[in-house]
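Novice: Next comes the structure file start-v7.tsv, holding TSV, C-alpha atoms.
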```
chain	number	residue	atom	x	y	z
A	19	GLU	CA	-247.71	98.55	7.88
A	20	TRP	CA	-250.35	100.84	6.36
A	21	ALA	CA	-252.84	97.95	6.10
A	22	LEU	CA	-252.20	96.95	9.72
A	23	ASN	CA	-252.71	100.54	10.84
A	24	LYS	CA	-256.07	100.49	9.01
A	25	GLN	CA	-257.03	97.27	10.86
A	26	ALA	CA	-257.23	95.23	7.63
A	27	ASP	CA	-258.44	91.66	8.12
A	28	ILE	CA	-256.73	90.26	5.00
A	29	ILE	CA	-253.48	91.60	3.59
A	30	ALA	CA	-252.31	90.42	0.19
A	31	ILE	CA	-248.74	91.59	-0.34
A	32	LEU	CA	-248.68	91.40	-4.14
A	33	THR	CA	-244.95	91.74	-4.60
A	34	TYR	CA	-241.90	89.63	-3.93
A	35	PHE	CA	-238.19	90.05	-3.44
A	36	GLN	CA	-235.40	87.55	-3.96
A	37	HIS	CA	-233.21	89.05	-1.25
A	38	LEU	CA	-233.82	91.05	1.89
A	39	THR	CA	-231.27	92.74	4.11
A	40	GLN	CA	-231.18	91.65	7.75
A	41	GLU	CA	-232.91	94.89	8.69
A	42	GLN	CA	-235.69	94.36	6.11
A	43	LEU	CA	-236.12	90.76	7.26
A	44	ARG	CA	-236.33	91.84	10.89
A	45	ARG	CA	-238.92	94.51	9.99
A	46	PHE	CA	-241.05	92.02	8.04
A	47	GLU	CA	-240.94	89.59	10.97
A	48	GLN	CA	-242.08	92.35	13.35
A	49	LEU	CA	-244.98	93.23	11.04
A	50	ILE	CA	-245.97	89.56	10.75
A	51	GLU	CA	-246.03	89.25	14.54
A	52	ARG	CA	-248.20	92.36	14.72
A	53	ALA	CA	-250.53	90.95	12.06
A	54	ILE	CA	-250.86	87.67	13.96
A	55	HIS	CA	-251.64	89.60	17.15
A	56	GLN	CA	-254.33	91.60	15.26
A	57	ASN	CA	-255.62	88.37	13.60
A	58	ALA	CA	-254.93	89.71	10.11
A	59	TRP	CA	-254.54	86.99	7.47
A	60	LEU	CA	-251.43	87.45	5.31
A	61	LEU	CA	-250.69	86.06	1.86
A	62	ALA	CA	-248.13	86.72	-0.86
A	63	PRO	CA	-247.15	85.34	-4.28
A	64	VAL	CA	-244.50	82.61	-4.32
A	65	GLY	CA	-242.56	84.56	-6.97
A	66	ALA	CA	-241.50	84.14	-10.58
A	67	ARG	CA	-239.60	81.02	-11.51
A	68	GLN	CA	-236.01	81.74	-12.41
A	69	SER	CA	-234.63	78.20	-12.31
A	70	GLY	CA	-235.73	74.59	-11.99
A	71	ARG	CA	-234.53	74.29	-8.43
A	72	PRO	CA	-236.60	75.45	-5.45
A	73	GLN	CA	-236.20	79.12	-4.57
A	74	THR	CA	-237.28	81.32	-1.69
A	75	PHE	CA	-238.79	84.73	-2.33
A	76	TYR	CA	-239.93	87.17	0.32
A	77	PRO	CA	-242.27	87.86	1.98
A	78	SER	CA	-243.96	84.55	0.97
A	79	GLY	CA	-241.02	82.57	2.36
A	80	LEU	CA	-241.59	83.86	5.88
A	81	ASN	CA	-243.54	82.06	8.61
A	82	GLY	CA	-247.04	83.42	9.08
A	83	ILE	CA	-247.62	84.21	5.40
A	84	LEU	CA	-249.63	81.98	3.06
A	85	SER	CA	-247.52	81.43	-0.09
A	86	ILE	CA	-249.51	81.27	-3.35
A	87	GLY	CA	-248.39	80.06	-6.78
A	88	ALA	CA	-250.29	79.93	-10.06
A	89	HIS	CA	-251.91	77.13	-12.04
A	90	ASP	CA	-253.37	77.19	-15.53
A	91	GLN	CA	-256.88	76.32	-16.73
A	92	TYR	CA	-255.92	72.61	-16.73
A	93	GLY	CA	-254.82	72.60	-13.08
A	94	GLN	CA	-251.13	72.38	-13.97
A	95	ALA	CA	-248.45	74.45	-12.25
A	96	THR	CA	-247.46	77.25	-14.61
A	97	PRO	CA	-243.91	77.46	-15.90
A	98	PHE	CA	-243.57	80.98	-14.45
A	99	SER	CA	-244.63	80.10	-10.89
A	100	ALA	CA	-241.55	79.59	-8.70
A	101	ARG	CA	-240.82	76.21	-7.23
A	102	SER	CA	-240.43	76.63	-3.48
A	103	ASN	CA	-240.19	74.65	-0.26
A	104	GLU	CA	-242.46	77.31	1.28
A	105	LEU	CA	-245.24	77.06	-1.34
A	106	ASP	CA	-248.66	76.44	0.23
A	107	LEU	CA	-251.17	76.42	-2.65
A	108	LEU	CA	-251.75	77.08	-6.31
A	109	ALA	CA	-254.67	79.25	-7.44
A	110	PRO	CA	-255.83	80.34	-10.91
A	111	GLY	CA	-253.23	82.68	-12.39
A	112	VAL	CA	-253.76	82.53	-16.15
A	113	ASP	CA	-256.44	84.12	-18.34
A	114	LEU	CA	-258.57	85.62	-15.56
A	115	ALA	CA	-260.66	88.65	-16.47
A	116	VAL	CA	-259.32	91.74	-14.73
A	117	SER	CA	-260.13	95.43	-14.93
A	118	SER	CA	-257.56	97.92	-16.12
A	119	VAL	CA	-256.88	101.39	-14.72
A	120	ASP	CA	-259.38	102.89	-17.21
A	121	GLY	CA	-262.09	100.45	-16.08
A	122	GLN	CA	-261.98	98.21	-19.13
A	123	ILE	CA	-262.13	94.43	-18.73
A	124	SER	CA	-259.21	92.53	-20.15
A	125	THR	CA	-257.52	89.17	-19.79
A	126	ASN	CA	-254.61	89.27	-17.39
A	127	ILE	CA	-251.04	88.52	-18.04
A	128	LYS	CA	-249.77	85.36	-16.40
A	129	SER	CA	-249.11	86.17	-12.77
A	130	THR	CA	-248.66	84.67	-9.32
A	131	ALA	CA	-249.87	88.04	-7.98
A	132	ILE	CA	-253.23	87.49	-9.74
A	133	ALA	CA	-253.42	84.01	-8.18
A	134	THR	CA	-252.76	85.61	-4.79
A	135	ALA	CA	-255.46	88.24	-5.37
A	136	PHE	CA	-257.90	85.47	-6.37
A	137	THR	CA	-257.14	83.68	-3.09
A	138	ALA	CA	-257.53	86.92	-1.12
A	139	GLY	CA	-261.00	87.34	-2.64
A	140	LEU	CA	-262.01	83.89	-1.42
A	141	LEU	CA	-260.60	84.65	2.01
A	142	ALA	CA	-262.60	87.89	2.13
A	143	LEU	CA	-265.78	85.86	1.68
A	144	VAL	CA	-264.68	83.41	4.38
A	145	ARG	CA	-263.71	86.20	6.77
A	146	GLN	CA	-267.25	87.62	6.71
A	147	GLU	CA	-268.42	84.55	8.64
A	148	HIS	CA	-265.29	83.20	10.33
A	149	ALA	CA	-262.69	85.10	12.36
A	150	MET	CA	-260.42	82.16	13.23
A	151	PRO	CA	-256.67	82.73	13.59
A	152	GLY	CA	-254.72	82.89	10.33
A	153	GLU	CA	-252.79	79.67	10.91
A	154	GLU	CA	-256.09	77.78	11.35
A	155	VAL	CA	-257.51	79.04	8.05
A	156	TYR	CA	-254.17	78.36	6.31
A	157	GLN	CA	-254.28	74.80	7.62
A	158	LEU	CA	-257.86	74.36	6.37
A	159	LEU	CA	-256.79	75.65	2.95
A	160	ARG	CA	-253.96	73.11	2.88
A	161	GLU	CA	-256.22	70.26	4.04
A	162	THR	CA	-258.95	71.00	1.48
A	163	ALA	CA	-256.58	71.58	-1.45
A	164	VAL	CA	-256.80	69.21	-4.41
A	165	SER	CA	-253.57	67.24	-4.21
A	166	LYS	CA	-251.57	66.96	-7.43
A	167	GLN	CA	-249.12	64.40	-6.07
A	168	VAL	CA	-248.91	60.88	-7.45
A	169	GLY	CA	-251.50	58.76	-5.72
A	170	GLY	CA	-253.23	61.86	-4.34
A	171	ALA	CA	-251.15	61.83	-1.14
A	172	LYS	CA	-251.35	65.04	0.88
A	173	GLY	CA	-248.14	66.88	1.60
A	174	GLN	CA	-246.07	69.80	0.48
A	175	ASN	CA	-244.50	69.67	-2.97
A	176	VAL	CA	-242.13	72.30	-4.43
A	177	SER	CA	-244.28	72.71	-7.58
A	178	TYR	CA	-247.81	72.42	-6.16
A	179	GLY	CA	-247.51	73.06	-2.44
A	180	TYR	CA	-250.37	71.15	-0.83
A	181	GLY	CA	-252.35	71.33	-4.07
A	182	LEU	CA	-254.88	73.47	-5.87
A	183	LEU	CA	-257.09	75.91	-3.99
A	184	ASN	CA	-260.48	74.25	-3.55
A	185	PRO	CA	-263.11	76.86	-2.55
A	186	ILE	CA	-266.02	74.39	-2.40
A	187	ALA	CA	-264.24	71.94	-0.09
A	188	LEU	CA	-263.08	74.84	2.10
A	189	LEU	CA	-266.60	76.26	2.44
A	190	GLU	CA	-268.03	72.80	3.16
A	191	ARG	CA	-265.46	72.22	5.92
A	192	LEU	CA	-266.23	75.61	7.43
A	193	GLN	CA	-269.94	74.88	7.35
A	194	GLU	CA	-269.37	71.53	9.13
A	195	GLY	CA	-267.29	73.20	11.87
A	196	GLY	CA	-269.81	75.83	12.95
A	197	ASP	CA	-267.84	76.61	16.12
A	198	TRP	CA	-265.28	78.60	14.08
A	199	LYS	CA	-267.26	81.87	14.15
```
Can you present the structure in this file as structure tokens?
Specialist:
Amino acid sequence: EWALNKQADIIAILTYFQHLTQEQLRRFEQLIERAIHQNAWLLAPVGARQSGRPQTFYPSGLNGILSIGAHDQYGQATPFSARSNELDLLAPGVDLAVSSVDGQISTNIKSTAIATAFTAGLLALVRQEHAMPGEEVYQLLRETAVSKQVGGAKGQNVSYGYGLLNPIALLERLQEGGDWK
């Protein structure tokens, strides 16, 4: 709500919850509708894997929010990234250099929140040139993702979503479609 009040263009909600009350769910849905109306792009981490079966964490499991999981340096889904039917993409979430509170550079812990922050950084660069609706940019991210499915088929998968975030392909597609300003 604070970010929407400040007219933020991109809102990375770097937390997740396994359960929400009906009131919390209703409030999140209201805020998502407000964000869509303000053309704010929303993303959140898929969550931490707690079992082998698909799980839903919030807010990433809600419509209107891009759900981000983590992959390692080899492009493999990390064991800690939740499997989910709502997963959109995987982004780097292991061994990224991050700054600590005291300003020192260190290597991060393994985190879907770091993968989400990485994706938000890319979206910030995109947003400087393109103000398309969130669902359009989410669809472009899905379409340009590097598929990890057998045979390279595109489609949502509980471990990889639509695939690995592909910044170069995304930027090339945006450059081709110059009417998206």
Novice: Report, in Å with one decimal, the straight-line distance from atom CA of A:Leu159 to atom CA of A:Leu60.
Specialist: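 One can read the atom CA of A:Leu159 to atom CA of A:Leu60 distance as 13.2 Å.
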Novice: Got a sec: who's within 12 Å of A:Gly93, counting only C-alpha atoms, leaving out chain neighbours fewer than 3 positions off, as a PDB file with C-alpha atoms, in the frame of the given file?
Specialist:
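Listing of result-v7.pdb after writing:
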```pdb
ATOM      1  CA  GLY A  87    -248.390  80.060  -6.780  1.00  0.00           C
ATOM      2  CA  ALA A  88    -250.290  79.930 -10.060  1.00  0.00           C
ATOM      3  CA  HIS A  89    -251.910  77.130 -12.040  1.00  0.00           C
ATOM      4  CA  ASP A  90    -253.370  77.190 -15.530  1.00  0.00           C
ATOM      5  CA  THR A  96    -247.460  77.250 -14.610  1.00  0.00           C
ATOM      6  CA  LEU A 107    -251.170  76.420  -2.650  1.00  0.00           C
ATOM      7  CA  LEU A 108    -251.750  77.080  -6.310  1.00  0.00           C
ATOM      8  CA  ALA A 109    -254.670  79.250  -7.440  1.00  0.00           C
ATOM      9  CA  PRO A 110    -255.830  80.340 -10.910  1.00  0.00           C
ATOM     10  CA  GLY A 111    -253.230  82.680 -12.390  1.00  0.00           C
ATOM     11  CA  VAL A 112    -253.760  82.530 -16.150  1.00  0.00           C
ATOM     12  CA  ALA A 163    -256.580  71.580  -1.450  1.00  0.00           C
ATOM     13  CA  VAL A 164    -256.800  69.210  -4.410  1.00  0.00           C
ATOM     14  CA  SER A 165    -253.570  67.240  -4.210  1.00  0.00           C
ATOM     15  CA  LYS A 166    -251.570  66.960  -7.430  1.00  0.00           C
ATOM     16  CA  SER A 177    -244.280  72.710  -7.580  1.00  0.00           C
ATOM     17  CA  TYR A 178    -247.810  72.420  -6.160  1.00  0.00           C
ATOM     18  CA  GLY A 181    -252.350  71.330  -4.070  1.00  0.00           C
ATOM     19  CA  LEU A 182    -254.880  73.470  -5.870  1.00  0.00           C
ATOM     20  CA  LEU A 183    -257.090  75.910  -3.990  1.00  0.00           C
ATOM     21  CA  ASN A 184    -260.480  74.250  -3.550  1.00  0.00           C
TER      22      ASN A 184
END
```
Novice: Applying 12 Å and all atoms listed in the file, which residues near A:Arg191 remain after dropping the ones on its own chain fewer than 2 positions away? List them as a list in words.
Specialist: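 My list of contacting residues is Val144, His148, Val155, Gln157, Leu158, Leu159, Arg160, Glu161, Thr162, Ala163, Asn184, Pro185, Ile186, Ala187, Leu188, Leu189, Gln193, Glu194, Gly195, Gly196, Asp197 and Trp198 of chain A.
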Novice: Please determine, counting all atoms listed in the file, which residue among A:Trp20, A:Trp59, A:Phe46, A:Phe35 has the shortest atom-to-atom distance to A:Met150.
Specialist: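 That would be A:Trp59, the residue with the smallest distance to A:Met150.
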Novice: So which residues touch A:Ile54 within 10 Å, counting only C-alpha atoms, skipping near sequence neighbours fewer than 2 positions away, as a list in words?
Specialist: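 Listing them by chain and then by number gives Gln48, Leu49, Ile50, Glu51, Arg52, Gln56, Asn57, Ala58, Trp59, Leu60, Gly82, Ile83, Pro151, Gly152 and Glu153 of chain A.
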